[in-house]
$ cat work_8.cif   # mmCIF, C-alpha atoms, pLDDT in the B column; chains and numbers go by the auth columns
data_upload
#
loop_
_atom_site.group_PDB
_atom_site.id
_atom_site.type_symbol
_atom_site.label_atom_id
_atom_site.label_comp_id
_atom_site.label_asym_id
_atom_site.label_seq_id
_atom_site.Cartn_x
_atom_site.Cartn_y
_atom_site.Cartn_z
_atom_site.B_iso_or_equiv
_atom_site.auth_seq_id
_atom_site.auth_asym_id
ATOM 1 C CA MET A 1 15.905 5.561 43.612 91.00 1 A
ATOM 2 C CA LYS A 2 15.239 5.982 47.284 94.00 2 A
ATOM 3 C CA ALA A 3 17.431 6.518 50.324 95.00 3 A
ATOM 4 C CA ILE A 4 16.233 5.466 53.746 96.00 4 A
ATOM 5 C CA VAL A 5 17.793 7.150 56.769 96.00 5 A
ATOM 6 C CA TYR A 6 17.304 5.720 60.262 96.00 6 A
ATOM 7 C CA VAL A 7 18.164 8.016 63.150 97.00 7 A
ATOM 8 C CA THR A 8 18.334 6.514 66.636 96.00 8 A
ATOM 9 C CA LEU A 9 19.465 7.821 69.988 96.00 9 A
ATOM 10 C CA LYS A 10 22.874 6.486 71.007 96.00 10 A
ATOM 11 C CA PRO A 11 22.511 3.578 73.449 93.00 11 A
ATOM 12 C CA SER A 12 23.996 5.656 76.294 95.00 12 A
ATOM 13 C CA VAL A 13 21.399 8.432 75.880 96.00 13 A
ATOM 14 C CA LEU A 14 18.208 8.277 77.930 95.00 14 A
ATOM 15 C CA ASP A 15 14.990 8.023 75.887 96.00 15 A
ATOM 16 C CA PRO A 16 12.097 9.383 77.980 95.00 16 A
ATOM 17 C CA GLN A 17 9.650 9.090 75.060 94.00 17 A
ATOM 18 C CA GLY A 18 10.507 5.409 74.669 95.00 18 A
ATOM 19 C CA LYS A 19 10.124 4.935 78.435 96.00 19 A
ATOM 20 C CA ALA A 20 6.660 6.528 78.287 96.00 20 A
ATOM 21 C CA ILE A 21 5.632 4.185 75.466 95.00 21 A
ATOM 22 C CA HIS A 22 7.038 1.210 77.393 95.00 22 A
ATOM 23 C CA HIS A 23 4.988 2.216 80.426 95.00 23 A
ATOM 24 C CA SER A 24 1.785 2.647 78.354 93.00 24 A
ATOM 25 C CA VAL A 25 2.254 -0.691 76.662 94.00 25 A
ATOM 26 C CA GLU A 26 2.796 -2.409 80.017 94.00 26 A
ATOM 27 C CA SER A 27 -0.265 -0.784 81.524 94.00 27 A
ATOM 28 C CA LEU A 28 -2.267 -2.091 78.538 93.00 28 A
ATOM 29 C CA GLY A 29 -1.339 -5.573 79.690 92.00 29 A
ATOM 30 C CA TYR A 30 1.354 -6.569 77.187 91.00 30 A
ATOM 31 C CA GLU A 31 4.000 -8.694 78.880 87.00 31 A
ATOM 32 C CA GLY A 32 7.558 -9.678 78.054 89.00 32 A
ATOM 33 C CA ILE A 33 8.613 -6.292 76.672 93.00 33 A
ATOM 34 C CA SER A 34 11.877 -5.182 78.238 93.00 34 A
ATOM 35 C CA ASP A 35 12.522 -1.874 76.458 94.00 35 A
ATOM 36 C CA VAL A 36 11.165 0.517 73.844 96.00 36 A
ATOM 37 C CA ARG A 37 13.259 3.116 72.055 96.00 37 A
ATOM 38 C CA GLN A 38 11.986 5.624 69.543 95.00 38 A
ATOM 39 C CA GLY A 39 13.865 6.898 66.532 96.00 39 A
ATOM 40 C CA LYS A 40 13.200 8.709 63.290 96.00 40 A
ATOM 41 C CA TYR A 41 12.876 7.372 59.794 95.00 41 A
ATOM 42 C CA PHE A 42 13.244 9.338 56.560 96.00 42 A
ATOM 43 C CA GLU A 43 12.482 8.344 52.991 96.00 43 A
ATOM 44 C CA ILE A 44 14.381 10.493 50.515 96.00 44 A
ATOM 45 C CA ALA A 45 13.348 10.150 46.859 95.00 45 A
ATOM 46 C CA ILE A 46 16.228 10.801 44.481 94.00 46 A
ATOM 47 C CA ASP A 47 16.109 11.356 40.713 91.00 47 A
ATOM 48 C CA ASP A 48 16.861 8.090 38.945 87.00 48 A
ATOM 49 C CA THR A 49 19.391 9.827 36.721 87.00 49 A
ATOM 50 C CA ALA A 50 21.683 10.446 39.708 85.00 50 A
ATOM 51 C CA ASP A 51 24.701 8.224 40.374 88.00 51 A
ATOM 52 C CA THR A 52 24.058 5.786 43.256 88.00 52 A
ATOM 53 C CA GLU A 53 27.473 6.150 44.918 90.00 53 A
ATOM 54 C CA ALA A 54 27.447 9.953 44.716 91.00 54 A
ATOM 55 C CA SER A 55 23.848 10.047 45.988 92.00 55 A
ATOM 56 C CA LYS A 56 24.716 7.809 48.920 93.00 56 A
ATOM 57 C CA ALA A 57 27.602 10.117 49.858 94.00 57 A
ATOM 58 C CA ALA A 58 25.279 13.141 49.602 93.00 58 A
ATOM 59 C CA VAL A 59 22.606 11.468 51.754 95.00 59 A
ATOM 60 C CA GLU A 60 25.268 10.547 54.358 95.00 60 A
ATOM 61 C CA ARG A 61 26.180 14.240 54.561 95.00 61 A
ATOM 62 C CA ILE A 62 22.517 15.268 54.767 95.00 62 A
ATOM 63 C CA ALA A 63 21.937 12.715 57.542 95.00 63 A
ATOM 64 C CA LYS A 64 24.896 14.033 59.509 94.00 64 A
ATOM 65 C CA ASP A 65 24.213 17.749 58.951 92.00 65 A
ATOM 66 C CA VAL A 66 20.422 18.003 58.885 92.00 66 A
ATOM 67 C CA LEU A 67 18.600 14.888 60.025 95.00 67 A
ATOM 68 C CA ALA A 68 20.627 13.714 63.011 96.00 68 A
ATOM 69 C CA ASN A 69 22.425 15.329 65.907 96.00 69 A
ATOM 70 C CA PRO A 70 25.677 13.316 65.893 95.00 70 A
ATOM 71 C CA VAL A 71 26.370 14.232 69.525 96.00 71 A
ATOM 72 C CA ILE A 72 23.473 12.136 70.807 97.00 72 A
ATOM 73 C CA GLU A 73 22.218 10.245 67.772 96.00 73 A
ATOM 74 C CA ASP A 74 23.425 7.515 65.424 96.00 74 A
ATOM 75 C CA TYR A 75 22.261 7.284 61.829 97.00 75 A
ATOM 76 C CA LYS A 76 22.259 4.637 59.134 96.00 76 A
ATOM 77 C CA VAL A 77 21.729 5.145 55.405 96.00 77 A
ATOM 78 C CA GLU A 78 20.314 2.482 53.090 94.00 78 A
ATOM 79 C CA MET A 79 19.897 2.885 49.327 94.00 79 A
ATOM 80 C CA ILE A 80 16.959 1.203 47.600 91.00 80 A
ATOM 81 C CA ASN A 81 16.630 0.917 43.853 82.00 81 A
ATOM 82 C CA GLY A 82 13.117 0.639 42.498 61.00 82 A
ATOM 83 C CA ASP A 83 9.921 0.561 44.519 47.00 83 A
ATOM 84 C CA ARG A 84 9.394 -0.777 47.968 45.00 84 A
ATOM 85 C CA MET B 1 14.757 -10.701 70.408 91.00 1 B
ATOM 86 C CA LYS B 2 13.868 -7.351 68.949 94.00 2 B
ATOM 87 C CA ALA B 3 10.913 -6.024 67.014 95.00 3 B
ATOM 88 C CA ILE B 4 11.322 -3.035 64.719 96.00 4 B
ATOM 89 C CA VAL B 5 8.224 -1.001 63.898 97.00 5 B
ATOM 90 C CA TYR B 6 8.255 1.522 61.054 96.00 6 B
ATOM 91 C CA VAL B 7 5.415 4.032 60.995 97.00 7 B
ATOM 92 C CA THR B 8 4.985 6.169 57.886 96.00 8 B
ATOM 93 C CA LEU B 9 2.310 8.568 56.730 96.00 9 B
ATOM 94 C CA LYS B 10 0.069 7.093 54.053 96.00 10 B
ATOM 95 C CA PRO B 11 1.157 8.278 50.577 93.00 11 B
ATOM 96 C CA SER B 12 -2.026 10.334 50.172 95.00 12 B
ATOM 97 C CA VAL B 13 -1.399 12.307 53.394 96.00 13 B
ATOM 98 C CA LEU B 14 0.524 15.583 53.180 95.00 14 B
ATOM 99 C CA ASP B 15 3.803 15.668 55.127 96.00 15 B
ATOM 100 C CA PRO B 16 4.643 19.297 55.973 95.00 16 B
ATOM 101 C CA GLN B 17 7.638 18.256 58.100 94.00 17 B
ATOM 102 C CA GLY B 18 9.095 16.322 55.162 95.00 18 B
ATOM 103 C CA LYS B 19 8.443 19.306 52.889 96.00 19 B
ATOM 104 C CA ALA B 20 10.320 21.591 55.306 95.00 20 B
ATOM 105 C CA ILE B 21 13.286 19.203 55.361 95.00 21 B
ATOM 106 C CA HIS B 22 13.195 18.973 51.564 95.00 22 B
ATOM 107 C CA HIS B 23 13.271 22.766 51.339 95.00 23 B
ATOM 108 C CA SER B 24 16.189 23.041 53.827 94.00 24 B
ATOM 109 C CA VAL B 25 18.174 20.411 51.991 94.00 25 B
ATOM 110 C CA GLU B 26 17.626 22.164 48.663 94.00 26 B
ATOM 111 C CA SER B 27 18.649 25.522 50.085 94.00 27 B
ATOM 112 C CA LEU B 28 21.857 23.877 51.340 93.00 28 B
ATOM 113 C CA GLY B 29 22.666 23.143 47.702 92.00 29 B
ATOM 114 C CA TYR B 30 21.890 19.427 47.433 91.00 30 B
ATOM 115 C CA GLU B 31 20.440 18.630 44.000 87.00 31 B
ATOM 116 C CA GLY B 32 18.472 15.753 42.557 88.00 32 B
ATOM 117 C CA ILE B 33 16.270 15.176 45.604 93.00 33 B
ATOM 118 C CA SER B 34 12.646 14.974 44.584 93.00 34 B
ATOM 119 C CA ASP B 35 10.904 14.303 47.890 94.00 35 B
ATOM 120 C CA VAL B 36 11.498 13.762 51.614 96.00 36 B
ATOM 121 C CA ARG B 37 9.040 12.056 53.923 96.00 37 B
ATOM 122 C CA GLN B 38 9.461 11.588 57.648 95.00 38 B
ATOM 123 C CA GLY B 39 8.281 8.634 59.657 96.00 39 B
ATOM 124 C CA LYS B 40 8.846 7.060 63.040 96.00 40 B
ATOM 125 C CA TYR B 41 10.947 4.108 64.007 95.00 41 B
ATOM 126 C CA PHE B 42 10.627 2.003 67.164 96.00 42 B
ATOM 127 C CA GLU B 43 12.896 -0.670 68.572 96.00 43 B
ATOM 128 C CA ILE B 44 11.069 -2.947 70.978 96.00 44 B
ATOM 129 C CA ALA B 45 13.212 -5.323 73.016 95.00 45 B
ATOM 130 C CA ILE B 46 11.390 -8.537 73.893 94.00 46 B
ATOM 131 C CA ASP B 47 12.360 -11.219 76.392 91.00 47 B
ATOM 132 C CA ASP B 48 14.122 -14.045 74.564 87.00 48 B
ATOM 133 C CA THR B 49 11.946 -16.595 76.318 87.00 49 B
ATOM 134 C CA ALA B 50 8.865 -15.323 74.446 85.00 50 B
ATOM 135 C CA ASP B 51 7.507 -17.148 71.403 88.00 51 B
ATOM 136 C CA THR B 52 8.411 -15.339 68.140 88.00 52 B
ATOM 137 C CA GLU B 53 5.033 -15.777 66.433 90.00 53 B
ATOM 138 C CA ALA B 54 3.048 -14.718 69.496 91.00 54 B
ATOM 139 C CA SER B 55 5.388 -11.744 70.044 92.00 55 B
ATOM 140 C CA LYS B 56 4.996 -10.644 66.441 93.00 56 B
ATOM 141 C CA ALA B 57 1.209 -10.741 66.791 94.00 57 B
ATOM 142 C CA ALA B 58 1.444 -8.724 70.034 93.00 58 B
ATOM 143 C CA VAL B 59 3.737 -6.138 68.427 95.00 59 B
ATOM 144 C CA GLU B 60 1.346 -5.839 65.451 95.00 60 B
ATOM 145 C CA ARG B 61 -1.437 -5.016 67.920 95.00 61 B
ATOM 146 C CA ILE B 62 0.788 -2.528 69.780 95.00 62 B
ATOM 147 C CA ALA B 63 1.743 -0.871 66.477 95.00 63 B
ATOM 148 C CA LYS B 64 -1.907 -0.540 65.492 94.00 64 B
ATOM 149 C CA ASP B 65 -3.217 0.577 68.903 92.00 65 B
ATOM 150 C CA VAL B 66 -0.390 2.670 70.351 92.00 66 B
ATOM 151 C CA LEU B 67 2.359 3.551 67.888 95.00 67 B
ATOM 152 C CA ALA B 68 0.464 4.394 64.712 96.00 68 B
ATOM 153 C CA ASN B 69 -2.732 6.185 63.824 96.00 69 B
ATOM 154 C CA PRO B 70 -4.166 3.775 61.230 95.00 70 B
ATOM 155 C CA VAL B 71 -6.372 6.514 59.756 96.00 71 B
ATOM 156 C CA ILE B 72 -3.394 8.402 58.351 97.00 72 B
ATOM 157 C CA GLU B 73 -0.418 6.124 58.936 96.00 73 B
ATOM 158 C CA ASP B 74 0.886 2.785 57.696 96.00 74 B
ATOM 159 C CA TYR B 75 3.056 0.535 59.827 97.00 75 B
ATOM 160 C CA LYS B 76 5.369 -2.385 59.236 96.00 76 B
ATOM 161 C CA VAL B 77 6.692 -4.837 61.828 96.00 77 B
ATOM 162 C CA GLU B 78 9.980 -6.715 61.461 94.00 78 B
ATOM 163 C CA MET B 79 11.297 -9.282 63.937 94.00 79 B
ATOM 164 C CA ILE B 80 15.052 -9.561 64.505 91.00 80 B
ATOM 165 C CA ASN B 81 16.665 -12.391 66.422 82.00 81 B
ATOM 166 C CA GLY B 82 19.985 -11.608 68.044 61.00 82 B
ATOM 167 C CA ASP B 83 21.867 -8.322 67.882 47.00 83 B
ATOM 168 C CA ARG B 84 21.851 -5.764 65.109 45.00 84 B
#
$ encode --input "work_8.cif" --output "C-alpha coordinates"
Amino acid sequence: MKAIVYVTLKPSVLDPQGKAIHHSVESLGYEGISDVRQGKYFEIAIDDTADTEASKAAVERIAKDVLANPVIEDYKVEMINGDR
Amino acid sequence: MKAIVYVTLKPSVLDPQGKAIHHSVESLGYEGISDVRQGKYFEIAIDDTADTEASKAAVERIAKDVLANPVIEDYKVEMINGDR
(Lines of atoms letter the chains of each structure in order from A and count residues from 1; the text may use other names and numbers.)
(Lines give C-alpha, C1' and ligand atoms only; values in the text may rest on other atoms or scores of the structure.)
Protein backbone atom coordinates (compact mmCIF):
# COMPACT_ATOMS: atom_id res chain seq x y z
CA MET A 1 0.00 0.00 0.00
CA LYS A 2 1.21 3.47 -0.78
CA ALA A 3 0.24 6.93 0.40
CA ILE A 4 0.89 9.94 -1.79
CA VAL A 5 1.14 13.34 -0.11
CA TYR A 6 1.01 16.54 -2.17
CA VAL A 7 2.16 19.70 -0.42
CA THR A 8 1.49 23.02 -2.13
CA LEU A 9 1.86 26.62 -1.07
CA LYS A 10 -1.47 28.24 -0.20
CA PRO A 11 -2.75 30.34 -3.12
CA SER A 12 -2.22 33.58 -1.15
CA VAL A 13 1.48 32.82 -0.53
CA LEU A 14 4.05 34.13 -2.99
CA ASP A 15 6.10 31.44 -4.77
CA PRO A 16 9.42 32.97 -5.89
CA GLN A 17 10.75 29.58 -7.06
CA GLY A 18 7.71 29.12 -9.29
CA LYS A 19 8.14 32.68 -10.60
CA ALA A 20 11.78 31.91 -11.47
CA ILE A 21 10.74 28.78 -13.36
CA HIS A 22 8.00 30.74 -15.15
CA HIS A 23 10.56 33.34 -16.21
CA SER A 24 13.03 30.67 -17.44
CA VAL A 25 10.35 28.88 -19.40
CA GLU A 26 9.24 32.15 -21.02
CA SER A 27 12.79 33.08 -21.93
CA LEU A 28 13.13 29.65 -23.60
CA GLY A 29 10.34 30.73 -25.92
CA TYR A 30 7.36 28.78 -24.57
CA GLU A 31 4.19 30.84 -24.90
CA GLY A 32 0.75 30.72 -23.32
CA ILE A 33 1.94 29.84 -19.81
CA SER A 34 0.35 32.13 -17.26
CA ASP A 35 1.75 30.77 -13.99
CA VAL A 36 3.99 28.11 -12.49
CA ARG A 37 3.84 26.99 -8.87
CA GLN A 38 6.11 24.45 -7.25
CA GLY A 39 5.13 22.01 -4.55
CA LYS A 40 6.40 18.83 -2.96
CA TYR A 41 5.38 15.26 -3.52
CA PHE A 42 5.97 12.33 -1.18
CA GLU A 43 5.49 8.62 -1.73
CA ILE A 44 5.12 6.76 1.55
CA ALA A 45 5.26 2.95 1.35
CA ILE A 46 3.19 1.29 4.06
CA ASP A 47 3.19 -2.37 5.12
CA ASP A 48 0.33 -4.17 3.41
CA THR A 49 -0.76 -5.68 6.71
CA ALA A 50 -1.76 -2.23 8.03
CA ASP A 51 -5.39 -1.11 8.04
CA THR A 52 -6.11 1.39 5.23
CA GLU A 53 -8.28 3.76 7.29
CA ALA A 54 -5.87 3.83 10.23
CA SER A 55 -2.91 4.32 7.86
CA LYS A 56 -4.65 7.20 6.12
CA ALA A 57 -5.27 8.89 9.48
CA ALA A 58 -1.61 8.36 10.43
CA VAL A 59 -0.38 9.78 7.10
CA GLU A 60 -2.68 12.81 7.53
CA ARG A 61 -1.00 13.46 10.89
CA ILE A 62 2.47 12.96 9.39
CA ALA A 63 1.61 15.36 6.55
CA LYS A 64 0.43 18.00 9.01
CA ASP A 65 3.25 17.58 11.55
CA VAL A 66 6.29 16.73 9.43
CA LEU A 67 5.83 17.23 5.71
CA ALA A 68 3.90 20.49 5.49
CA ASN A 69 3.90 23.81 7.28
CA PRO A 70 0.14 24.34 7.73
CA VAL A 71 0.62 28.09 8.17
CA ILE A 72 1.65 28.58 4.54
CA GLU A 73 1.04 25.22 2.90
CA ASP A 74 -1.89 22.99 1.98
CA TYR A 75 -1.58 19.22 1.77
CA LYS A 76 -3.59 16.41 0.25
CA VAL A 77 -3.30 12.70 1.02
CA GLU A 78 -4.19 9.95 -1.46
CA MET A 79 -4.07 6.22 -0.69
CA ILE A 80 -3.10 3.80 -3.45
CA ASN A 81 -3.48 0.06 -3.17
CA GLY A 82 -1.14 -2.03 -5.27
CA ASP A 83 1.48 -0.74 -7.67
CA ARG A 84 1.44 2.42 -9.67
CA MET B 1 -6.29 24.72 -18.25
CA LYS B 2 -3.66 23.35 -15.95
CA ALA B 3 -0.79 20.93 -16.37
CA ILE B 4 0.53 18.99 -13.39
CA VAL B 5 4.09 17.68 -13.57
CA TYR B 6 5.33 15.09 -11.08
CA VAL B 7 9.09 14.62 -10.88
CA THR B 8 10.40 11.65 -8.91
CA LEU B 9 13.83 10.13 -8.49
CA LYS B 10 14.28 6.94 -10.49
CA PRO B 11 13.80 3.86 -8.26
CA SER B 12 17.48 2.94 -8.55
CA VAL B 13 18.64 6.35 -7.26
CA LEU B 14 19.24 6.79 -3.53
CA ASP B 15 17.02 9.38 -1.82
CA PRO B 16 18.79 10.64 1.32
CA GLN B 17 16.10 13.28 1.95
CA GLY B 18 13.41 10.58 1.91
CA LYS B 19 15.54 8.44 4.23
CA ALA B 20 15.85 11.36 6.68
CA ILE B 21 12.08 11.87 6.65
CA HIS B 22 11.55 8.13 7.14
CA HIS B 23 13.88 8.20 10.14
CA SER B 24 12.12 11.26 11.67
CA VAL B 25 8.72 9.71 11.21
CA GLU B 26 9.86 6.47 12.85
CA SER B 27 11.38 8.31 15.79
CA LEU B 28 8.04 10.10 16.25
CA GLY B 29 6.53 6.67 16.87
CA TYR B 30 4.72 5.98 13.59
CA GLU B 31 4.91 2.27 12.74
CA GLY B 32 4.41 0.24 9.60
CA ILE B 33 6.08 2.70 7.23
CA SER B 34 8.59 0.93 5.05
CA ASP B 35 9.88 3.73 2.84
CA VAL B 36 9.53 7.45 2.09
CA ARG B 37 10.59 9.06 -1.16
CA GLN B 38 10.42 12.75 -1.97
CA GLY B 39 9.67 14.25 -5.34
CA LYS B 40 8.64 17.55 -6.84
CA TYR B 41 5.28 18.73 -8.00
CA PHE B 42 4.56 21.59 -10.41
CA GLU B 43 1.29 23.25 -11.34
CA ILE B 44 1.52 25.05 -14.66
CA ALA B 45 -1.38 27.32 -15.56
CA ILE B 46 -1.94 27.56 -19.31
CA ASP B 47 -4.08 30.01 -21.25
CA ASP B 48 -7.44 28.40 -22.00
CA THR B 49 -7.20 29.46 -25.62
CA ALA B 50 -4.27 27.08 -26.17
CA ASP B 51 -4.75 23.69 -27.83
CA THR B 52 -4.68 20.83 -25.27
CA GLU B 53 -2.59 18.42 -27.35
CA ALA B 54 -0.04 21.07 -28.33
CA SER B 55 0.14 22.31 -24.72
CA LYS B 56 0.71 18.79 -23.43
CA ALA B 57 3.58 18.32 -25.89
CA ALA B 58 5.07 21.68 -24.81
CA VAL B 59 4.77 20.78 -21.12
CA GLU B 60 6.43 17.39 -21.79
CA ARG B 61 9.37 19.27 -23.33
CA ILE B 62 9.48 21.73 -20.41
CA ALA B 63 9.41 18.83 -17.93
CA LYS B 64 12.29 17.12 -19.72
CA ASP B 65 14.40 20.25 -20.31
CA VAL B 66 13.75 22.41 -17.25
CA LEU B 67 11.93 20.65 -14.42
CA ALA B 68 13.53 17.22 -14.33
CA ASN B 69 17.00 15.80 -14.75
CA PRO B 70 16.25 12.80 -16.98
CA VAL B 71 19.50 11.09 -15.95
CA ILE B 72 18.27 10.49 -12.41
CA GLU B 73 14.62 11.52 -12.45
CA ASP B 74 11.35 10.35 -13.99
CA TYR B 75 8.52 12.73 -14.79
CA LYS B 76 4.83 12.43 -15.50
CA VAL B 77 2.57 15.07 -17.07
CA GLU B 78 -1.18 15.27 -16.43
CA MET B 79 -3.52 17.78 -18.06
CA ILE B 80 -6.49 19.11 -16.08
CA ASN B 81 -9.30 21.12 -17.63
CA GLY B 82 -11.14 23.46 -15.30
CA ASP B 83 -10.50 23.93 -11.60
CA ARG B 84 -9.19 21.41 -9.12
$ closest_residue --input "work_8.cif" --among "B:Val66, B:Arg37, B:Lys56, B:Asp74" --to "A:His23" --atoms "only C-alpha atoms"
B:Val66
$ resolve_selection --input "work_8.cif" --expression "the PyMOL selection byres ((chain B) within 9 of (chain A))" --output "PyMOL selection string"
chain B and resi 6-8+18+21-22+24-25+30-50+55+58+62+66-67
$ write_last_selection --input "work_8.cif" --atoms "C-alpha atoms" --output "short mmCIF file (atom, residue, chain, number, x, y, z; two decimals), in the coordinates of the input"
data_model
loop_
_atom_site.label_atom_id
_atom_site.label_comp_id
_atom_site.auth_asym_id
_atom_site.auth_seq_id
_atom_site.Cartn_x
_atom_site.Cartn_y
_atom_site.Cartn_z
CA TYR B 6 8.26 1.52 61.05
CA VAL B 7 5.42 4.03 61.00
CA THR B 8 4.99 6.17 57.89
CA GLY B 18 9.10 16.32 55.16
CA ILE B 21 13.29 19.20 55.36
CA HIS B 22 13.20 18.97 51.56
CA SER B 24 16.19 23.04 53.83
CA VAL B 25 18.17 20.41 51.99
CA TYR B 30 21.89 19.43 47.43
CA GLU B 31 20.44 18.63 44.00
CA GLY B 32 18.47 15.75 42.56
CA ILE B 33 16.27 15.18 45.60
CA SER B 34 12.65 14.97 44.58
CA ASP B 35 10.90 14.30 47.89
CA VAL B 36 11.50 13.76 51.61
CA ARG B 37 9.04 12.06 53.92
CA GLN B 38 9.46 11.59 57.65
CA GLY B 39 8.28 8.63 59.66
CA LYS B 40 8.85 7.06 63.04
CA TYR B 41 10.95 4.11 64.01
CA PHE B 42 10.63 2.00 67.16
CA GLU B 43 12.90 -0.67 68.57
CA ILE B 44 11.07 -2.95 70.98
CA ALA B 45 13.21 -5.32 73.02
CA ILE B 46 11.39 -8.54 73.89
CA ASP B 47 12.36 -11.22 76.39
CA ASP B 48 14.12 -14.04 74.56
CA THR B 49 11.95 -16.60 76.32
CA ALA B 50 8.86 -15.32 74.45
CA SER B 55 5.39 -11.74 70.04
CA ALA B 58 1.44 -8.72 70.03
CA ILE B 62 0.79 -2.53 69.78
CA VAL B 66 -0.39 2.67 70.35
CA LEU B 67 2.36 3.55 67.89
#
$ axis_aligned_box --input "work_8.cif" --around "stretch 4-23 of chain A" --padding-each-side "5 Å" --output "lines of an AutoDock Vina configuration file"
center_x = 14.5
center_y = 5.3
center_z = 67.1
size_x = 29.0
size_y = 18.2
size_z = 36.7
$ residues_around --input "work_8.cif" --residues "B:Val13" --least-positions-apart "6" --cutoff "10 Å" --atoms "only C-alpha atoms" --output "list of chain:residue names"
B:Val71, B:Ile72, B:Glu73
$ atom_distance --input "work_8.cif" --atom1 "atom CA of B:Pro11" --atom2 "atom CA of B:Tyr75"
12.2 Å
